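K.L.:
Structure: final_13.cif, mmCIF, C-alpha atoms and all ligand atoms.
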data_my_file
#
loop_
_atom_site.label_atom_id
_atom_site.label_comp_id
_atom_site.auth_asym_id
_atom_site.auth_seq_id
_atom_site.Cartn_x
_atom_site.Cartn_y
_atom_site.Cartn_z
CA MET C 1 0.00 0.00 0.00
CA ASN C 2 1.21 3.53 -0.78
CA ILE C 3 0.50 5.92 2.08
CA LEU C 4 0.67 9.70 2.43
CA ILE C 5 0.88 11.34 5.86
CA ILE C 6 -0.19 14.99 6.04
CA GLY C 7 1.69 17.12 8.59
CA ALA C 8 5.15 18.01 9.83
CA GLY C 9 5.43 17.43 13.57
CA GLY C 10 6.48 14.83 16.11
CA ARG C 11 3.09 13.18 15.72
CA GLU C 12 3.66 12.71 11.99
CA HIS C 13 7.22 11.39 12.46
CA THR C 14 5.83 8.85 14.95
CA LEU C 15 3.07 7.82 12.53
CA ALA C 16 5.69 7.41 9.79
CA TRP C 17 7.98 5.37 12.10
CA LYS C 18 5.11 3.07 13.04
CA LEU C 19 3.68 2.65 9.52
CA LYS C 20 7.18 1.95 8.24
CA GLN C 21 7.29 -1.22 10.37
CA SER C 22 4.44 -2.79 8.41
CA PRO C 23 5.16 -5.38 5.71
CA LYS C 24 1.98 -4.11 4.02
CA LEU C 25 3.56 -0.72 3.33
CA ASN C 26 4.99 -0.09 -0.12
CA LYS C 27 5.85 3.62 -0.50
CA LEU C 28 5.54 6.22 2.26
CA PHE C 29 5.23 9.99 1.67
CA VAL C 30 4.97 12.87 4.12
CA ALA C 31 3.75 16.34 3.19
CA PRO C 32 5.57 18.46 4.17
CA GLY C 33 7.42 16.38 6.84
CA ASN C 34 10.64 17.22 8.68
CA ALA C 35 14.25 16.01 8.95
CA GLY C 36 13.08 12.92 10.86
CA THR C 37 10.53 11.83 8.27
CA ALA C 38 13.06 12.52 5.51
CA GLY C 39 15.10 9.60 6.84
CA ILE C 40 12.30 7.04 6.46
CA ALA C 41 9.92 8.45 3.83
CA ALA C 42 9.81 10.83 0.90
CA ASN C 43 9.06 14.38 2.03
CA LEU C 44 7.12 16.61 -0.34
CA PRO C 45 6.96 20.38 0.08
CA ILE C 46 3.18 20.69 0.02
CA ASP C 47 1.10 22.78 2.38
CA VAL C 48 -1.33 20.72 4.50
CA ASN C 49 -4.25 22.89 3.29
CA ASP C 50 -3.38 22.82 -0.42
CA PHE C 51 -5.92 20.14 -1.41
CA GLU C 52 -5.30 20.52 -5.17
CA ALA C 53 -1.56 19.89 -4.75
CA ILE C 54 -2.35 16.92 -2.51
CA LYS C 55 -4.69 15.57 -5.18
CA GLN C 56 -1.99 15.78 -7.86
CA LEU C 57 0.44 13.95 -5.61
CA VAL C 58 -2.09 11.22 -4.78
CA GLU C 59 -2.76 10.63 -8.49
CA LYS C 60 0.89 10.76 -9.53
CA GLU C 61 2.12 8.37 -6.83
CA SER C 62 -0.94 6.05 -6.83
CA ILE C 63 -1.54 6.66 -3.14
CA ASP C 64 -4.06 4.32 -1.51
CA MET C 65 -4.39 5.93 1.90
CA VAL C 66 -4.04 9.43 3.34
CA VAL C 67 -3.44 9.80 7.09
CA VAL C 68 -4.24 13.34 8.23
CA GLY C 69 -2.18 14.50 11.24
CA PRO C 70 -3.32 18.05 12.14
CA GLU C 71 -6.86 19.40 12.63
CA ASP C 72 -6.71 22.25 10.15
CA PRO C 73 -7.18 20.28 6.91
CA LEU C 74 -9.85 18.13 8.60
CA VAL C 75 -11.83 21.16 9.76
CA LYS C 76 -11.43 22.59 6.21
CA GLY C 77 -12.90 19.39 4.79
CA ILE C 78 -10.07 17.36 3.25
CA HIS C 79 -11.98 14.10 3.73
CA ASP C 80 -15.07 15.52 1.95
CA PHE C 81 -12.80 16.84 -0.83
CA PHE C 82 -11.64 13.26 -1.45
CA LEU C 83 -15.17 11.80 -1.34
CA GLN C 84 -16.51 14.39 -3.78
CA ASP C 85 -13.82 13.79 -6.42
CA ALA C 86 -14.41 10.83 -8.74
CA SER C 87 -10.68 10.24 -9.16
CA LEU C 88 -10.00 10.31 -5.39
CA LYS C 89 -12.96 8.64 -3.75
CA HIS C 90 -11.37 5.17 -3.76
CA VAL C 91 -8.56 6.52 -1.53
CA SER C 92 -8.90 5.79 2.20
CA VAL C 93 -8.72 8.90 4.37
CA ILE C 94 -7.95 8.52 8.08
CA GLY C 95 -9.58 11.53 9.72
CA PRO C 96 -13.21 12.62 10.04
CA ARG C 97 -15.28 14.58 7.56
CA LYS C 98 -15.80 18.31 7.92
CA MET C 99 -19.05 18.14 9.86
CA ALA C 100 -17.66 15.81 12.56
CA ALA C 101 -14.39 17.77 12.63
CA THR C 102 -16.49 20.68 13.91
CA LEU C 103 -16.23 18.92 17.29
CA GLU C 104 -12.76 20.47 17.39
CA GLY C 105 -13.46 23.44 15.10
CA SER C 106 -16.24 24.88 17.28
CA LYS C 107 -16.30 24.73 21.07
CA GLU C 108 -20.01 25.60 21.07
CA TYR C 109 -20.81 22.76 18.67
CA ALA C 110 -18.86 20.35 20.91
CA LYS C 111 -20.70 21.60 24.01
CA LYS C 112 -24.09 21.12 22.33
CA PHE C 113 -23.05 17.62 21.24
CA MET C 114 -22.12 16.72 24.82
CA MET C 115 -25.32 18.16 26.27
CA ARG C 116 -27.44 16.35 23.67
CA HIS C 117 -25.82 13.02 24.48
CA ASN C 118 -25.53 13.43 28.25
CA ILE C 119 -21.75 13.39 28.26
CA PRO C 120 -20.30 14.85 31.49
CA THR C 121 -18.68 18.26 30.90
CA ALA C 122 -18.57 21.69 32.57
CA SER C 123 -21.86 23.62 32.42
CA TYR C 124 -21.73 26.61 30.07
CA LYS C 125 -23.44 29.40 28.18
CA SER C 126 -22.36 30.92 24.88
CA PHE C 127 -22.48 34.56 23.81
CA THR C 128 -22.07 36.73 20.72
CA SER C 129 -21.80 40.50 20.28
CA ASP C 130 -25.63 40.55 20.20
CA ASN C 131 -25.98 39.41 23.81
CA PHE C 132 -22.65 40.70 25.14
CA GLU C 133 -24.38 42.49 28.05
CA GLU C 134 -25.94 39.18 29.13
CA GLY C 135 -22.46 37.69 29.05
CA LEU C 136 -21.30 40.32 31.55
CA LEU C 137 -24.22 39.49 33.83
CA PHE C 138 -23.51 35.77 33.48
CA LEU C 139 -19.90 36.37 34.57
CA GLU C 140 -21.21 38.23 37.62
CA SER C 141 -23.28 35.19 38.56
CA LEU C 142 -20.23 32.90 38.57
CA LYS C 143 -17.44 32.34 41.06
CA PRO C 144 -13.81 32.77 39.94
CA PRO C 145 -11.83 31.46 38.17
CA TYR C 146 -13.67 32.32 34.95
CA VAL C 147 -13.17 30.16 31.86
CA LEU C 148 -13.61 31.96 28.51
CA LYS C 149 -13.23 30.04 25.27
CA ALA C 150 -13.14 31.42 21.75
CA ASP C 151 -15.47 29.18 19.76
CA GLY C 152 -13.22 28.63 16.74
CA LEU C 153 -9.64 27.45 16.16
CA ALA C 154 -7.20 29.94 17.68
CA ALA C 155 -3.88 28.05 17.48
CA GLY C 156 -4.27 26.79 21.05
CA LYS C 157 -4.52 30.33 22.47
CA GLY C 158 -8.28 30.72 22.57
CA VAL C 159 -8.89 29.55 26.15
CA LEU C 160 -8.50 32.09 28.95
CA ILE C 161 -8.69 31.32 32.66
CA LEU C 162 -9.07 34.48 34.73
CA TYR C 163 -9.21 35.02 38.45
CA ASP C 164 -10.50 38.59 38.43
CA LEU C 165 -14.05 39.55 37.43
CA ALA C 166 -13.08 42.91 35.90
CA GLU C 167 -10.38 41.22 33.85
CA ALA C 168 -12.82 38.53 32.71
CA LYS C 169 -15.30 41.20 31.59
CA ASN C 170 -12.57 43.05 29.68
CA GLU C 171 -11.47 39.87 27.96
CA LEU C 172 -15.05 39.06 27.00
CA ARG C 173 -15.29 42.54 25.45
CA ASP C 174 -11.97 42.06 23.62
CA MET C 175 -13.07 38.70 22.25
CA LEU C 176 -16.65 39.58 21.22
CA ILE C 177 -16.44 43.27 20.40
CA SER C 178 -12.79 43.82 19.40
CA ALA C 179 -12.44 40.39 17.68
CA LYS C 180 -9.33 39.49 19.71
CA PHE C 181 -9.10 36.13 17.92
CA GLY C 182 -10.71 37.31 14.69
CA THR C 183 -13.82 35.39 13.69
CA ALA C 184 -12.75 32.55 16.02
CA SER C 185 -14.03 34.67 18.93
CA SER C 186 -17.27 35.93 17.39
CA VAL C 187 -18.86 33.31 19.67
CA VAL C 188 -17.46 32.84 23.20
CA VAL C 189 -18.25 29.93 25.48
CA ILE C 190 -18.14 30.78 29.19
CA GLU C 191 -18.00 27.69 31.35
CA GLU C 192 -17.75 26.37 34.86
CA PHE C 193 -14.18 25.89 36.09
CA LEU C 194 -13.36 22.25 36.82
CA SER C 195 -10.62 21.49 39.28
CA GLY C 196 -8.72 18.25 38.79
CA ILE C 197 -5.95 16.50 36.90
CA GLU C 198 -6.04 16.25 33.10
CA LEU C 199 -5.35 13.30 30.84
CA SER C 200 -5.71 12.43 27.17
CA CYS C 201 -7.80 9.57 25.86
CA PHE C 202 -7.57 8.44 22.22
CA VAL C 203 -10.14 6.35 20.44
CA LEU C 204 -9.76 4.99 16.91
CA THR C 205 -13.14 4.44 15.29
CA ASP C 206 -14.58 3.37 11.96
CA GLY C 207 -17.90 4.97 12.91
CA GLU C 208 -19.42 1.79 14.35
CA ASN C 209 -16.59 -0.07 16.05
CA TYR C 210 -13.82 1.46 18.10
CA LYS C 211 -10.56 0.72 19.89
CA ILE C 212 -9.55 2.59 23.02
CA LEU C 213 -5.84 3.35 22.82
CA PRO C 214 -3.64 3.61 25.92
CA MET C 215 -4.26 6.73 28.01
CA ALA C 216 -1.57 9.40 28.19
CA LYS C 217 -0.81 12.50 30.20
CA ASP C 218 0.94 15.48 28.70
CA TYR C 219 2.67 18.39 30.37
CA LYS C 220 1.34 21.58 28.81
CA ARG C 221 3.09 24.36 30.70
CA ILE C 222 6.52 25.66 29.71
CA GLY C 223 7.84 25.93 33.27
CA GLU C 224 8.75 23.37 35.90
CA GLY C 225 6.08 22.63 38.47
CA ASP C 226 3.46 23.30 35.74
CA THR C 227 4.01 27.05 35.69
CA GLY C 228 4.20 29.70 32.97
CA LEU C 229 2.60 29.80 29.54
CA ASN C 230 0.76 26.97 27.85
CA THR C 231 2.61 25.15 25.07
CA GLY C 232 1.63 22.45 22.60
CA GLY C 233 3.07 19.97 25.13
CA MET C 234 6.46 19.57 26.81
CA GLY C 235 6.40 15.82 27.35
CA ALA C 236 4.10 12.88 27.97
CA ILE C 237 3.80 9.51 29.65
CA SER C 238 1.65 6.46 29.02
CA PRO C 239 0.07 4.68 30.86
CA VAL C 240 -1.15 7.21 33.43
CA PRO C 241 -0.46 5.90 36.95
CA PHE C 242 -3.61 7.40 38.52
CA VAL C 243 -5.97 5.78 36.02
CA SER C 244 -7.52 2.76 37.73
CA GLN C 245 -9.58 0.07 36.04
CA GLU C 246 -12.63 1.56 37.75
CA PHE C 247 -11.94 5.05 36.38
CA LEU C 248 -11.33 3.60 32.92
CA GLU C 249 -14.71 1.89 33.07
CA LYS C 250 -16.37 5.21 33.95
CA VAL C 251 -14.68 6.86 30.97
CA HIS C 252 -15.81 4.02 28.74
CA LYS C 253 -19.43 3.96 29.94
CA ARG C 254 -20.10 7.65 30.52
CA ILE C 255 -18.02 9.17 27.72
CA ILE C 256 -16.74 6.85 24.99
CA ILE C 257 -19.92 4.84 24.37
CA PRO C 258 -22.19 7.93 24.30
CA THR C 259 -19.69 9.72 22.03
CA ILE C 260 -19.66 6.91 19.45
CA LYS C 261 -23.45 6.48 19.69
CA GLY C 262 -23.88 10.27 19.47
CA LEU C 263 -21.86 10.43 16.26
CA HIS C 264 -23.98 7.64 14.86
CA ASN C 265 -27.33 9.17 15.92
CA ASP C 266 -26.32 12.59 14.62
CA GLU C 267 -25.37 11.00 11.28
CA LEU C 268 -21.76 12.01 11.51
CA PRO C 269 -19.75 9.25 9.81
CA TYR C 270 -16.34 9.13 11.47
CA LYS C 271 -13.21 7.27 10.41
CA GLY C 272 -10.24 8.32 12.45
CA PHE C 273 -9.03 9.32 15.87
CA ILE C 274 -11.10 11.01 18.55
CA PHE C 275 -8.93 12.71 21.15
CA ILE C 276 -10.93 13.23 24.33
CA GLY C 277 -9.33 15.76 26.66
CA LEU C 278 -10.42 14.57 30.10
CA ILE C 279 -10.23 15.99 33.58
CA LYS C 280 -10.53 13.79 36.67
CA VAL C 281 -12.58 15.65 39.26
CA GLY C 282 -12.53 13.58 42.44
CA ASP C 283 -13.03 10.09 40.98
CA ASP C 284 -15.16 11.19 38.05
CA PRO C 285 -14.20 11.95 34.44
CA PHE C 286 -15.41 15.08 32.62
CA VAL C 287 -14.70 16.13 29.04
CA ILE C 288 -12.71 19.36 28.68
CA GLU C 289 -12.60 19.20 24.89
CA TYR C 290 -12.74 17.01 21.83
CA ASN C 291 -10.05 17.01 19.19
CA VAL C 292 -10.41 15.12 15.94
CA ARG C 293 -6.81 13.93 15.61
CA LEU C 294 -4.01 12.46 17.69
CA GLY C 295 -2.30 14.67 20.29
CA ASP C 296 1.29 15.77 20.14
CA PRO C 297 3.41 14.74 22.12
CA GLU C 298 0.96 12.06 23.34
CA THR C 299 1.37 10.21 20.01
CA GLU C 300 5.08 9.80 20.77
CA VAL C 301 4.19 7.61 23.78
CA VAL C 302 0.91 6.05 22.65
CA LEU C 303 1.86 4.64 19.21
CA PRO C 304 5.13 3.01 20.38
CA ARG C 305 3.03 1.00 22.89
CA ILE C 306 0.74 -0.40 20.19
CA LYS C 307 1.94 -3.77 18.99
CA ASN C 308 -0.49 -4.12 16.07
CA ASP C 309 0.44 -3.43 12.48
CA LEU C 310 -0.73 0.18 12.02
CA VAL C 311 -1.42 -0.26 8.29
CA GLU C 312 -3.81 -3.10 9.20
CA LEU C 313 -5.49 -0.98 11.89
CA PHE C 314 -5.98 1.93 9.48
CA ASP C 315 -7.18 -0.32 6.66
CA ALA C 316 -9.75 -1.86 9.02
CA THR C 317 -10.78 1.67 10.09
CA ALA C 318 -11.29 2.75 6.49
CA HIS C 319 -13.38 -0.33 5.68
CA GLY C 320 -15.54 -0.46 8.81
CA LYS C 321 -13.85 -3.61 10.08
CA LEU C 322 -12.19 -2.54 13.32
CA ASN C 323 -14.19 -5.25 15.12
CA SER C 324 -12.05 -7.86 13.37
CA ILE C 325 -8.91 -6.62 15.15
CA GLU C 326 -7.71 -7.25 18.69
CA LEU C 327 -5.67 -4.33 20.00
CA GLU C 328 -2.38 -5.41 21.55
CA VAL C 329 -0.63 -3.04 23.91
CA ASP C 330 2.90 -3.11 25.31
CA GLU C 331 2.71 -3.31 29.12
CA ARG C 332 5.73 -1.11 29.60
CA THR C 333 5.57 2.62 30.24
CA ALA C 334 6.59 5.00 27.47
CA THR C 335 7.79 8.51 28.26
CA THR C 336 8.79 11.40 26.07
CA VAL C 337 10.58 14.68 26.79
CA MET C 338 10.20 17.57 24.35
CA LEU C 339 13.26 19.66 23.49
CA VAL C 340 12.25 23.20 22.57
CA SER C 341 13.88 26.38 21.24
CA GLY C 342 14.74 28.95 23.91
CA GLY C 343 11.97 31.55 24.06
CA TYR C 344 9.17 29.18 23.00
CA PRO C 345 6.14 29.51 23.28
CA GLU C 346 6.90 33.18 22.61
CA ALA C 347 9.45 34.41 20.04
CA TYR C 348 12.41 32.10 19.31
CA GLU C 349 15.07 31.64 16.67
CA LYS C 350 15.27 28.88 14.09
CA GLY C 351 18.17 27.37 12.15
CA MET C 352 20.34 26.12 15.05
CA GLU C 353 22.36 23.01 14.26
CA ILE C 354 21.37 19.95 16.31
CA ILE C 355 24.28 17.70 17.26
CA GLY C 356 24.61 14.41 19.10
CA LEU C 357 21.66 12.59 17.53
CA LYS C 358 23.87 9.71 16.39
CA ASP C 359 24.91 9.03 20.00
CA ILE C 360 21.39 8.27 21.23
CA GLU C 361 21.07 4.76 22.62
CA GLY C 362 17.94 3.06 23.91
CA SER C 363 15.62 5.99 23.13
CA ILE C 364 13.93 7.19 19.95
CA ALA C 365 14.26 10.77 18.73
CA PHE C 366 10.99 11.83 17.11
CA HIS C 367 11.58 15.03 15.16
CA ALA C 368 9.07 17.88 15.41
CA GLY C 369 10.39 21.26 14.24
CA THR C 370 13.50 20.21 12.29
CA ARG C 371 14.73 20.42 8.73
CA LEU C 372 17.66 19.07 6.77
CA ASN C 373 20.33 21.33 5.32
CA GLU C 374 22.54 18.96 3.32
CA GLU C 375 23.94 16.68 6.04
CA LYS C 376 22.99 18.94 8.94
CA VAL C 377 19.83 18.79 11.02
CA LEU C 378 18.62 22.29 11.94
CA THR C 379 15.93 23.53 14.31
CA ASN C 380 12.87 24.73 12.45
CA GLY C 381 10.22 25.38 15.09
CA GLY C 382 9.45 25.95 18.76
CA ARG C 383 9.04 22.30 19.64
CA VAL C 384 12.09 20.65 18.10
CA MET C 385 12.25 17.00 19.07
CA ALA C 386 10.65 14.45 21.43
CA ILE C 387 12.92 11.87 23.07
CA THR C 388 10.90 8.71 23.78
CA SER C 389 11.96 5.80 25.99
CA PHE C 390 10.46 2.67 27.48
CA GLY C 391 10.76 1.70 31.12
CA ARG C 392 9.20 -0.56 33.74
CA ASP C 393 7.67 2.63 35.13
CA PHE C 394 7.70 6.32 34.20
CA ARG C 395 10.75 7.01 36.35
CA GLU C 396 12.85 4.47 34.47
CA GLY C 397 11.58 5.73 31.11
CA LEU C 398 12.24 9.36 31.93
CA SER C 399 15.68 8.63 33.28
CA LYS C 400 16.63 7.01 29.94
CA SER C 401 15.23 9.98 28.02
CA TYR C 402 17.17 12.42 30.20
CA GLN C 403 20.42 10.42 29.83
CA ASN C 404 20.13 10.62 26.07
CA ILE C 405 19.20 14.30 26.13
CA ASP C 406 22.57 14.94 27.81
CA LYS C 407 24.17 13.91 24.50
CA ILE C 408 22.07 16.27 22.36
CA HIS C 409 22.79 19.94 21.88
CA PHE C 410 21.57 23.00 20.01
CA ASP C 411 21.90 26.65 20.95
CA ASN C 412 19.29 27.79 23.49
CA MET C 413 17.91 24.25 23.92
CA TYR C 414 15.38 24.01 26.76
CA TYR C 415 13.35 21.16 28.24
CA ARG C 416 11.54 20.41 31.47
CA LYS C 417 13.57 18.33 33.90
CA ASP C 418 10.66 17.68 36.28
CA LEU C 419 8.24 15.54 34.25
CA GLY C 420 6.34 13.12 36.47
CA PHE C 421 6.80 15.42 39.48
CA ASP C 422 3.08 15.38 40.17
CA LEU C 423 2.58 11.61 40.09
P1 LIG U 501 -8.95 23.45 25.69
O1 LIG U 501 -8.36 24.19 24.53
O2 LIG U 501 -10.44 23.45 25.73
O3 LIG U 501 -8.31 22.12 25.94
O4 LIG U 501 -8.48 24.28 26.98
C1 LIG U 501 -7.12 24.50 27.23
C2 LIG U 501 -6.82 24.23 28.68
O5 LIG U 501 -7.60 25.08 29.51
C3 LIG U 501 -7.18 22.82 29.11
O6 LIG U 501 -6.16 21.92 28.83
C4 LIG U 501 -7.38 23.02 30.60
O7 LIG U 501 -6.14 23.02 31.27
C5 LIG U 501 -7.96 24.39 30.69
N1 LIG U 501 -9.42 24.33 30.79
C6 LIG U 501 -10.30 24.35 29.77
N2 LIG U 501 -11.57 24.28 30.21
C7 LIG U 501 -11.51 24.21 31.55
C8 LIG U 501 -12.49 24.12 32.60
N3 LIG U 501 -13.79 24.11 32.35
N4 LIG U 501 -12.05 24.05 33.86
C9 LIG U 501 -10.73 24.08 34.14
N5 LIG U 501 -9.76 24.17 33.21
C10 LIG U 501 -10.13 24.24 31.92
N1 LIG U 502 -0.85 17.81 23.39
C1 LIG U 502 -2.12 18.38 23.20
C2 LIG U 502 -2.55 18.48 21.80
O1 LIG U 502 -2.02 17.86 20.90
O2 LIG U 502 -3.52 19.19 21.54
#
Kindly return the structure encoded in the file as structure tokens.

P.N.:
Amino acid sequence: MNILIIGAGGREHTLAWKLKQSPKLNKLFVAPGNAGTAGIAANLPIDVNDFEAIKQLVEKESIDMVVVGPEDPLVKGIHDFFLQDASLKHVSVIGPRKMAATLEGSKEYAKKFMMRHNIPTASYKSFTSDNFEEGLLFLESLKPPYVLKADGLAAGKGVLILYDLAEAKNELRDMLISAKFGTASSVVVIEEFLSGIELSCFVLTDGENYKILPMAKDYKRIGEGDTGLNTGGMGAISPVPFVSQEFLEKVHKRIIIPTIKGLHNDELPYKGFIFIGLIKVGDDPFVIEYNVRLGDPETEVVLPRIKNDLVELFDATAHGKLNSIELEVDERTATTVMLVSGGYPEAYEKGMEIIGLKDIEGSIAFHAGTRLNEEKVLTNGGRVMAITSFGRDFREGLSKSYQNIDKIHFDNMYYRKDLGFDL
């Protein structure tokens, strides 16, 4: 089978690494990819949202399956684009259609979906510029902290948590009236603050059948002790030590089953990953958000633990046959530590040479923001590389990752040295 992966991050390098292990794979392409994917697949300099260029590539290279990494092309309807084109509709696309991708593309849509299907989540109200004054009154009726969410995609910056009422009111004005996040904040969801510990749950579904992948926890804040600005993710571990069998059953019964049934009842065909952002409040799971893709860096610990042939899993997903597959999971713990450019998640420089990669032993370096310049590997983004290791527990895994990180260097390299501190 010839497969094209869309995307350029650590998630896509991990997908490529895992697909590459399958005897069913013939040719592998990544668009646009990074220095890591260049070593195991053919990178093609195509933008993830340039559907016409993707179409030409799929036709030229006789691609049988397209695996979509990031949310943007899904929310823009890449799967529908394939279904509507006579010369593309035989190609399997892993990733939901536009309508279902709205679960990530619109917070309000996701909230309504959860309410309709009785899925536990924070209570909420949504506002536009038309009922802005009501929004102010609603804020007054709540206790701090206040959670304000821009409805649309805002590059991970659209959620604000504020402790001061006046500040919350100002932010609501900025979002609704001054279009702080452009059209993404023309609707704002204000919701109840939930206090607990977060974790990521991934489900692969063909629309009818589903497989629950191993749970993971990521570390979102830039600073040690979970302080400072939010990032895309500074590291991850899987499994999550505080997830008991009992908690898992609650997630399954109260969240996963109603989500799959809800998609079905709402006539939202879905072939791909559902990423359920969970928060454990006391002993009960609540949904913080849905994403319609794999998480990054969670992928760098979840996929290495899956023993199945990923081409087989995806083929079964595309053809509605996931029930014919038994998921096999490695018992060991996987951990990953993200190396980032100094300054990230604010301004940072690119183009630093990365050295020491050849000396890594017993860990895997999944590239995120990197590019090749002849023989050299250069930094090309804020999150540069995820160093994944296996261990009997997260401490052993992390210690291997940290030992290997000691051998890697680029100017202004930064990473968190305290992952697992809270467990
Ligand atoms: P989201 O983009 O919806 O995942 O929100 C980003 C982050 O904001 C989440 O990972 C949580 O840490 C936090 N957050 C979102 N909603 C809530 C909530 N209702 N209560 C507490 N924290 C929240
Ligand atoms: N690590 C969180 C995300 O991928 O959205």

K.L.:
From the options C:Glu353, C:Asp422, C:Asp411, C:Asp330, which residue's atoms come nearest to C:Val377, counting only C-alpha atoms?

P.N.:
C:Glu353

K.L.:
In Å, with one decimal, what is the gap from atom CA of C:Val384 to atom P1 of ligand LIG 501 (chain U)?

P.N.:
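Computed distance, atom CA of C:Val384 to atom P1 of ligand LIG 501 (chain U), equals 22.5 Å.
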
K.L.:
Just how far from atom CA of C:Thr231 is atom CA of C:Ile354, in Å to one decimal?

P.N.:
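Atom CA of C:Thr231 lies 21.3 Å from atom CA of C:Ile354.
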
K.L.:
I need the residue nearest C:Gly182 from this list: C:Gly152, C:Gly351, C:Gly33, C:Pro73. Use all atoms listed in the file for the distance.

P.N.:
C:Gly152

K.L.:
Got a sec: who's within 7 Å of stretch 361-371 of chain C, counting all atoms listed in the file, leaving out chain neighbours fewer than 4 positions off, as a PyMOL selection string?

P.N.:
chain C and resi 8-10+13-14+34-36+377-389+400-401+404

K.L.:
Between atom CA of C:Tyr146 and atom CA of C:Glu134, what distance in Å does the model show, to one decimal?

P.N.:
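Between atom CA of C:Tyr146 and atom CA of C:Glu134 the gap is 15.2 Å.
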
K.L.:
So, counting all atoms listed in the file, which residue among C:Glu267, C:Asp130, C:Glu198, C:Glu191 is closest to C:Ala150?

P.N.:
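Of the candidates, the smallest distance to C:Ala150 is held by C:Glu191.
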
K.L.:
Taking only C-alpha atoms and all ligand atoms and a cut-off of 9 Å, can you tell me which residues surround ligand LIG 502 (chain U), written as a ChimeraX atom specification?

P.N.:
/C:11,70,156,200,217-220,231-236,275,277,291,293-299

K.L.:
Would you mind listing the residues within 8 Å of ligand LIG 501 (chain U), counting only C-alpha atoms and all ligand atoms, as a PyMOL selection string?

P.N.:
chain C and resi 107+121-122+147+149+156-161+191-196+198+220+277+288-290

K.L.:
Between C:Asp418, C:Asp284, C:Glu140, C:Glu208, which one has atoms that come closest to C:Met338, using all atoms listed in the file?

P.N.:
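Checking each candidate against C:Met338, we get C:Asp418 as the closest.
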
K.L.:
Find the residue from C:Met99, C:Leu172, C:Ala53, C:Val188 that sits nearest to C:Ser126; use all atoms listed in the file when measuring.

P.N.:
C:Val188

K.L.:
With distances taken over all atoms listed in the file, which residue among C:Val287, C:Ile237, C:Ile255, C:Ala100 lies nearest C:Glu71?

P.N.:
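Once distances to C:Glu71 are computed over all atoms listed in the file, the minimum belongs to C:Ala100.
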
K.L.:
Skipping near chain neighbours, those fewer than 6 positions away, what residues fall within 9 Å of C:Lys55 using all atoms listed in the file, listed as a VMD selection string?

P.N.:
chain C and resid 82 87 to 88

K.L.:
Write out as a PyMOL selection string the residues lying within 10 Å of C:Val75, counting only C-alpha atoms and excluding same-chain residues fewer than 6 positions away.

P.N.:
chain C and resi 95-106+153+292

K.L.:
Mind giving me the axis-aligned box for stretch 239-254 of chain C with 8 Å on every side, centre plus edges in Å to one decimal, as JSON?

P.N.:
{"center_x": -10.0, "center_y": 3.9, "center_z": 33.6, "size_x": 36.2, "size_y": 23.6, "size_z": 25.8}

K.L.:
Hey, what's within 10 Å of C:Asn412 if we count only C-alpha atoms and toss same-chain stuff fewer than 6 positions away? As an mmCIF file with C-alpha atoms, in the coordinates of the input, please?

P.N.:
data_model
loop_
_atom_site.group_PDB
_atom_site.id
_atom_site.type_symbol
_atom_site.label_atom_id
_atom_site.label_comp_id
_atom_site.auth_asym_id
_atom_site.auth_seq_id
_atom_site.Cartn_x
_atom_site.Cartn_y
_atom_site.Cartn_z
ATOM 1 C CA VAL C 340 12.250 23.200 22.570
ATOM 2 C CA SER C 341 13.880 26.380 21.240
ATOM 3 C CA GLY C 342 14.740 28.950 23.910
ATOM 4 C CA GLY C 343 11.970 31.550 24.060
ATOM 5 C CA TYR C 348 12.410 32.100 19.310
ATOM 6 C CA GLU C 349 15.070 31.640 16.670
ATOM 7 C CA MET C 352 20.340 26.120 15.050
#

K.L.:
Please identify all polymer residues within 10 Å of stretch 242-253 of chain C, counting all atoms listed in the file, omitting same-chain residues fewer than 4 positions from it, and present them as an MDAnalysis selection string.

P.N.:
chainID C and resid 119:120 197 199 201 212 215:216 257:259 276 278 280 283:287 423
